[in-house]
Structure formats: structure tokens, C-alpha cells
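Trainee: File follows, data08.pdb with PDB, C-alpha atoms, pLDDT in the B column:
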```
ATOM      1  CA  MET A   1       0.000   0.000   0.000  1.00 93.00           C
ATOM      2  CA  ASP A   2       1.483   3.324  -1.009  1.00 95.00           C
ATOM      3  CA  ARG A   3       1.404   6.505   1.061  1.00 95.00           C
ATOM      4  CA  ALA A   4      -1.606   8.034  -0.712  1.00 96.00           C
ATOM      5  CA  ALA A   5      -3.659   4.870  -0.172  1.00 97.00           C
ATOM      6  CA  ALA A   6      -2.618   4.728   3.484  1.00 97.00           C
ATOM      7  CA  VAL A   7      -3.631   8.368   4.024  1.00 97.00           C
ATOM      8  CA  GLU A   8      -6.984   7.681   2.358  1.00 97.00           C
ATOM      9  CA  LEU A   9      -7.440   4.606   4.552  1.00 98.00           C
ATOM     10  CA  VAL A  10      -7.089   6.583   7.773  1.00 97.00           C
ATOM     11  CA  ARG A  11      -9.052   9.585   6.451  1.00 98.00           C
ATOM     12  CA  GLY A  12     -11.883   7.345   5.270  1.00 98.00           C
ATOM     13  CA  LEU A  13     -12.045   5.434   8.542  1.00 98.00           C
ATOM     14  CA  VAL A  14     -12.058   8.620  10.622  1.00 98.00           C
ATOM     15  CA  ALA A  15     -14.849  10.040   8.437  1.00 97.00           C
ATOM     16  CA  ILE A  16     -17.239   7.213   9.404  1.00 98.00           C
ATOM     17  CA  PRO A  17     -19.039   7.880  12.700  1.00 97.00           C
ATOM     18  CA  SER A  18     -18.615   4.899  15.033  1.00 97.00           C
ATOM     19  CA  LEU A  19     -19.734   5.592  18.563  1.00 97.00           C
ATOM     20  CA  SER A  20     -19.516   2.614  20.903  1.00 96.00           C
ATOM     21  CA  ARG A  21     -22.215   0.066  20.039  1.00 97.00           C
ATOM     22  CA  HIS A  22     -22.685   1.737  16.623  1.00 97.00           C
ATOM     23  CA  GLU A  23     -19.521   0.596  14.815  1.00 98.00           C
ATOM     24  CA  ALA A  24     -21.042  -1.618  12.075  1.00 98.00           C
ATOM     25  CA  ALA A  25     -20.549   0.822   9.184  1.00 98.00           C
ATOM     26  CA  ALA A  26     -16.904   1.442  10.111  1.00 98.00           C
ATOM     27  CA  SER A  27     -16.189  -2.272  10.628  1.00 98.00           C
ATOM     28  CA  THR A  28     -17.757  -3.213   7.297  1.00 98.00           C
ATOM     29  CA  TRP A  29     -15.870  -0.438   5.495  1.00 98.00           C
ATOM     30  CA  LEU A  30     -12.525  -1.404   7.016  1.00 98.00           C
ATOM     31  CA  VAL A  31     -13.052  -5.074   6.107  1.00 98.00           C
ATOM     32  CA  SER A  32     -13.740  -4.022   2.517  1.00 98.00           C
ATOM     33  CA  GLN A  33     -10.544  -1.967   2.461  1.00 98.00           C
ATOM     34  CA  MET A  34      -8.492  -4.851   3.864  1.00 98.00           C
ATOM     35  CA  ARG A  35      -9.893  -7.222   1.230  1.00 98.00           C
ATOM     36  CA  GLY A  36      -8.992  -4.734  -1.475  1.00 97.00           C
ATOM     37  CA  ALA A  37      -5.492  -4.337  -0.029  1.00 98.00           C
ATOM     38  CA  GLY A  38      -4.720  -8.051  -0.418  1.00 97.00           C
ATOM     39  CA  PHE A  39      -5.436  -9.538   3.003  1.00 98.00           C
ATOM     40  CA  ASP A  40      -5.933 -13.307   2.773  1.00 98.00           C
ATOM     41  CA  ARG A  41      -9.045 -13.103   4.920  1.00 98.00           C
ATOM     42  CA  ALA A  42     -11.072 -10.127   6.087  1.00 98.00           C
ATOM     43  CA  PHE A  43     -14.381 -10.331   7.910  1.00 98.00           C
ATOM     44  CA  VAL A  44     -16.593  -8.900  10.612  1.00 98.00           C
ATOM     45  CA  ASP A  45     -16.529 -11.385  13.495  1.00 98.00           C
ATOM     46  CA  GLY A  46     -19.281 -12.347  15.916  1.00 98.00           C
ATOM     47  CA  ALA A  47     -18.661  -9.353  18.170  1.00 98.00           C
ATOM     48  CA  GLY A  48     -18.667  -6.871  15.271  1.00 98.00           C
ATOM     49  CA  ASN A  49     -14.876  -6.464  15.150  1.00 98.00           C
ATOM     50  CA  ALA A  50     -13.202  -5.780  11.805  1.00 98.00           C
ATOM     51  CA  VAL A  51     -10.612  -8.549  11.355  1.00 98.00           C
ATOM     52  CA  GLY A  52      -8.008  -8.921   8.608  1.00 98.00           C
ATOM     53  CA  GLU A  53      -5.506 -11.768   8.379  1.00 98.00           C
ATOM     54  CA  LEU A  54      -2.348 -12.352   6.381  1.00 98.00           C
ATOM     55  CA  GLY A  55      -0.617 -15.733   6.170  1.00 97.00           C
ATOM     56  CA  ASP A  56      -1.766 -19.199   7.109  1.00 95.00           C
ATOM     57  CA  SER A  57      -3.623 -20.093  10.285  1.00 92.00           C
ATOM     58  CA  THR A  58      -1.040 -22.883  10.709  1.00 93.00           C
ATOM     59  CA  ALA A  59       1.944 -20.486  10.663  1.00 96.00           C
ATOM     60  CA  ALA A  60       4.611 -20.999  13.309  1.00 97.00           C
ATOM     61  CA  ARG A  61       4.046 -17.524  14.784  1.00 97.00           C
ATOM     62  CA  THR A  62       1.056 -15.227  15.136  1.00 97.00           C
ATOM     63  CA  ILE A  63       1.128 -11.507  15.774  1.00 98.00           C
ATOM     64  CA  VAL A  64      -2.066  -9.641  16.647  1.00 98.00           C
ATOM     65  CA  LEU A  65      -2.237  -5.909  15.935  1.00 98.00           C
ATOM     66  CA  LEU A  66      -5.170  -4.628  17.986  1.00 98.00           C
ATOM     67  CA  GLY A  67      -6.781  -1.226  17.844  1.00 97.00           C
ATOM     68  CA  HIS A  68     -10.305  -0.056  18.438  1.00 97.00           C
ATOM     69  CA  ILE A  69     -12.753   1.285  15.945  1.00 98.00           C
ATOM     70  CA  ASP A  70     -15.222   3.038  18.233  1.00 97.00           C
ATOM     71  CA  THR A  71     -15.113   6.619  19.449  1.00 96.00           C
ATOM     72  CA  VAL A  72     -16.587   8.762  22.175  1.00 96.00           C
ATOM     73  CA  PRO A  73     -19.248  11.347  21.273  1.00 95.00           C
ATOM     74  CA  GLY A  74     -18.231  14.655  19.777  1.00 93.00           C
ATOM     75  CA  ASN A  75     -17.891  16.255  16.398  1.00 91.00           C
ATOM     76  CA  ILE A  76     -14.517  17.204  14.998  1.00 95.00           C
ATOM     77  CA  PRO A  77     -14.837  17.932  11.264  1.00 96.00           C
ATOM     78  CA  VAL A  78     -12.583  15.615   9.243  1.00 97.00           C
ATOM     79  CA  ARG A  79      -9.902  17.499   7.373  1.00 97.00           C
ATOM     80  CA  ILE A  80      -6.274  17.263   6.382  1.00 96.00           C
ATOM     81  CA  GLU A  81      -4.124  20.350   6.804  1.00 96.00           C
ATOM     82  CA  GLY A  82      -0.605  19.811   5.545  1.00 95.00           C
ATOM     83  CA  GLU A  83       0.572  16.616   7.245  1.00 93.00           C
ATOM     84  CA  LEU A  84      -2.087  16.686   9.982  1.00 96.00           C
ATOM     85  CA  LEU A  85      -5.391  14.797  10.027  1.00 96.00           C
ATOM     86  CA  TYR A  86      -8.183  16.136  12.199  1.00 97.00           C
ATOM     87  CA  GLY A  87     -11.289  14.173  13.131  1.00 97.00           C
ATOM     88  CA  ARG A  88     -12.875  12.114  15.900  1.00 96.00           C
ATOM     89  CA  GLY A  89     -10.746   8.998  16.410  1.00 95.00           C
ATOM     90  CA  SER A  90      -7.723  10.112  14.392  1.00 95.00           C
ATOM     91  CA  VAL A  91      -5.484   9.637  17.442  1.00 93.00           C
ATOM     92  CA  ASP A  92      -7.596   7.360  19.668  1.00 92.00           C
ATOM     93  CA  ALA A  93      -7.664   4.964  18.039  1.00 94.00           C
ATOM     94  CA  LYS A  94      -8.644   4.869  14.358  1.00 97.00           C
ATOM     95  CA  GLY A  95      -5.280   6.353  13.377  1.00 96.00           C
ATOM     96  CA  PRO A  96      -3.241   3.550  14.959  1.00 96.00           C
ATOM     97  CA  LEU A  97      -5.728   0.949  13.683  1.00 98.00           C
ATOM     98  CA  ALA A  98      -5.472   2.242  10.102  1.00 98.00           C
ATOM     99  CA  THR A  99      -1.677   2.288  10.489  1.00 97.00           C
ATOM    100  CA  PHE A 100      -1.760  -1.397  11.478  1.00 98.00           C
ATOM    101  CA  ALA A 101      -3.930  -2.244   8.451  1.00 98.00           C
ATOM    102  CA  ALA A 102      -1.771  -0.219   6.049  1.00 98.00           C
ATOM    103  CA  GLY A 103       1.482  -1.613   7.440  1.00 98.00           C
ATOM    104  CA  ALA A 104       0.228  -5.191   7.280  1.00 98.00           C
ATOM    105  CA  ALA A 105      -0.999  -4.669   3.714  1.00 98.00           C
ATOM    106  CA  ARG A 106       2.378  -3.273   2.738  1.00 97.00           C
ATOM    107  CA  PHE A 107       4.130  -6.267   4.359  1.00 97.00           C
ATOM    108  CA  GLY A 108       1.819  -8.490   2.353  1.00 97.00           C
ATOM    109  CA  SER A 109       0.586 -12.036   2.221  1.00 96.00           C
ATOM    110  CA  ALA A 110       3.604 -13.427   0.370  1.00 97.00           C
ATOM    111  CA  ALA A 111       6.023 -12.008   2.946  1.00 97.00           C
ATOM    112  CA  ALA A 112       3.915 -13.364   5.802  1.00 98.00           C
ATOM    113  CA  ARG A 113       3.908 -16.832   4.255  1.00 97.00           C
ATOM    114  CA  ALA A 114       7.645 -16.683   3.542  1.00 97.00           C
ATOM    115  CA  ALA A 115       8.266 -15.772   7.193  1.00 97.00           C
ATOM    116  CA  ASN A 116       5.893 -18.535   8.397  1.00 98.00           C
ATOM    117  CA  LEU A 117       3.961 -15.771  10.155  1.00 98.00           C
ATOM    118  CA  ARG A 118       0.289 -14.938  10.551  1.00 98.00           C
ATOM    119  CA  VAL A 119      -0.594 -11.287  11.069  1.00 98.00           C
ATOM    120  CA  VAL A 120      -4.046 -10.555  12.476  1.00 98.00           C
ATOM    121  CA  VAL A 121      -5.301  -6.951  12.445  1.00 98.00           C
ATOM    122  CA  VAL A 122      -8.301  -6.309  14.712  1.00 98.00           C
ATOM    123  CA  GLY A 123     -10.491  -3.212  14.903  1.00 98.00           C
ATOM    124  CA  ALA A 124     -12.203  -3.940  18.225  1.00 98.00           C
ATOM    125  CA  VAL A 125     -15.662  -2.647  19.057  1.00 98.00           C
ATOM    126  CA  GLU A 126     -16.892  -1.162  22.339  1.00 97.00           C
ATOM    127  CA  GLU A 127     -13.489  -0.237  23.718  1.00 96.00           C
ATOM    128  CA  GLU A 128     -14.783   3.162  24.762  1.00 95.00           C
ATOM    129  CA  ALA A 129     -17.550   1.360  26.693  1.00 93.00           C
ATOM    130  CA  ALA A 130     -17.063  -0.518  29.947  1.00 92.00           C
ATOM    131  CA  THR A 131     -17.965  -3.782  28.203  1.00 92.00           C
ATOM    132  CA  SER A 132     -14.845  -3.964  25.991  1.00 95.00           C
ATOM    133  CA  LYS A 133     -16.893  -6.441  23.955  1.00 97.00           C
ATOM    134  CA  GLY A 134     -14.527  -6.663  20.986  1.00 97.00           C
ATOM    135  CA  ALA A 135     -11.313  -7.168  22.937  1.00 96.00           C
ATOM    136  CA  ARG A 136     -12.950  -9.780  25.155  1.00 96.00           C
ATOM    137  CA  PHE A 137     -14.192 -11.652  22.084  1.00 97.00           C
ATOM    138  CA  ILE A 138     -10.705 -11.684  20.531  1.00 96.00           C
ATOM    139  CA  ALA A 139      -9.086 -12.681  23.818  1.00 95.00           C
ATOM    140  CA  ALA A 140     -11.453 -15.653  24.026  1.00 95.00           C
ATOM    141  CA  ARG A 141     -10.635 -16.615  20.426  1.00 95.00           C
ATOM    142  CA  PHE A 142      -6.918 -16.728  21.172  1.00 93.00           C
ATOM    143  CA  ASP A 143      -7.086 -18.275  24.645  1.00 91.00           C
ATOM    144  CA  GLY A 144      -5.634 -21.599  23.560  1.00 89.00           C
ATOM    145  CA  SER A 145      -8.940 -23.446  23.328  1.00 88.00           C
ATOM    146  CA  GLN A 146     -10.073 -22.124  19.914  1.00 86.00           C
ATOM    147  CA  GLU A 147      -6.698 -20.959  18.626  1.00 90.00           C
ATOM    148  CA  ARG A 148      -3.289 -20.917  20.215  1.00 89.00           C
ATOM    149  CA  VAL A 149      -2.144 -17.885  22.120  1.00 94.00           C
ATOM    150  CA  PRO A 150      -0.426 -15.310  19.848  1.00 96.00           C
ATOM    151  CA  ASP A 151       3.312 -14.834  20.120  1.00 97.00           C
ATOM    152  CA  ALA A 152       2.771 -11.089  20.414  1.00 97.00           C
ATOM    153  CA  CYS A 153      -0.083  -8.612  20.643  1.00 96.00           C
ATOM    154  CA  ILE A 154       0.598  -4.974  19.908  1.00 97.00           C
ATOM    155  CA  ILE A 155      -2.091  -2.525  20.969  1.00 96.00           C
ATOM    156  CA  GLY A 156      -2.400   0.769  19.128  1.00 93.00           C
TER     157      GLY A 156
END
```
Could you show the structure in this file as C-alpha cells?

Mentor:
Amino acid sequence: MDRAAAVELVRGLVAIPSLSRHEAAASTWLVSQMRGAGFDRAFVDGAGNAVGELGDSTAARTIVLLGHIDTVPGNIPVRIEGELLYGRGSVDAKGPLATFAAGAARFGSAAARAANLRVVVVGAVEEEAATSKGARFIAARFDGSQERVPDACIIG
């Protein structure tokens, strides 16, 4: 993914309102972007999280890149001024989440397979709510009973 596409990814994600418990449009949009960027699998999971995966599920190592897709209330008009992006969620945490998706896309499926690595990007829902529904759902997925525990989880 080139720089212009990465900037559009974060701008587009920030432009979609996604208050806690109302993240469906943003999750669906991000999944579509990840599919278009070459992720091997991209889907909205049972909690509503946007999930994109590179590499094989049987890879020797798994890295989870976890951000959240929801925001708190408030209206900050989305705009880019020079090198700065303004808008609700651009820093916490759609910006880091879009960075994870863009970086993983740039790394690519072929590189993940060559490194025997699976990269899982997660845009978790309800992180700004006390429920933390999305993160809890992912934690249960990778608890060793459904899938083995990741080798690393980086939170943006």
C-alpha cells in the first residue's frame, strides 16, 4: 500500500461515525478496504470487530495488531491540513488501527507466508464502553482453546 492509499485509509475510517455500540458501518468499510489491499481473509466477526488476516492459520508464529474502531461522542470535522489529520478517532484509536492495516498490507501475504507468520489486524468494538466487547471476544478466540495464544499482541 502506497502513502496516498494509506492516508486515504485513515481519512476514510475517521470520516465514518462509530460511537460505541454503533460501529457496524466502520467495521464493514474497514473489512472491505483490507480485502482490497490483499489480506488473505477479512471479515466482521461475531462481536462486530473488523478482522483482517495475512498468512496461514497454521503459521509458526502469530502476531495480533489490535486497535479499536469506536469513538466517544463529539464532532470534529474531518480534514487534512498539511501533514495533519483532524477528526474524531484520528489519534484514539482509528489512526493507529489504520496504520496497522496499512502496514500489514504493505508487508503483504507473500512475505507473511515466507516468514511462516500470521498477522491478524483487529479493529475492536466497544473499547470506549465498559464492556470492551470486541477485545474480550478476541481474547477468548486466542485463549488456547479455539486458537493458540499469539506470540505477540501490539495494541495501538

Trainee: Which of these, A:Val149, A:Gly82, A:Asn116, A:Ile155, has the shortest distance to Thr58 (chain A) once you count all atoms listed in the file?

Mentor: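 Answer, going by the shortest atom-to-atom distance: A:Asn116.
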
Trainee: Out of A:Asn75, A:Ser145, A:Thr62, A:Thr131, which residue has the shortest atom-to-atom distance to Ala112 (chain A) when counting all atoms listed in the file?

Mentor: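 The answer is A:Thr62, which sits nearest to Ala112 (chain A).
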
Trainee: Write out as a ChimeraX atom specification each polymer residue whose atoms come within 10 Å of Tyr86 (chain A), counting only C-alpha atoms; drop sequence neighbours fewer than 2 positions from it.

Mentor: /A:11,14-15,76-81,84,88-91

Trainee: Excluding Val125 (chain A) and any residue of its chain fewer than 5 positions from it, enumerate the residues within 12 Å of it, using only C-alpha atoms, and give them as an NGL selection string.

Mentor: :A and (18-28 or 44-51 or 66-72 or 93-94 or 97 or 130-138)

Trainee: Using the chain letters and numbers from the file, give me the residues hit by the PyMOL selection byres ((chain A and resi 121) around 7), as an MDAnalysis selection string.

Mentor: chainID A and resid 51:53 64:66 100:101 119:120 122:123

Trainee: For CA of Arg106 (chain A) and CA of Glu83 (chain A), quote the distance in Å rounded to one decimal.

Mentor: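 Interatomic distance here is 20.5 Å.
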
Trainee: Using all atoms listed in the file, can you tell me which of A:Ala5, A:Ala140, A:Leu117, A:Leu85 comes closest to Ala60 (chain A)?

Mentor: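 For Ala60 (chain A), the nearest of the candidates is A:Leu117.
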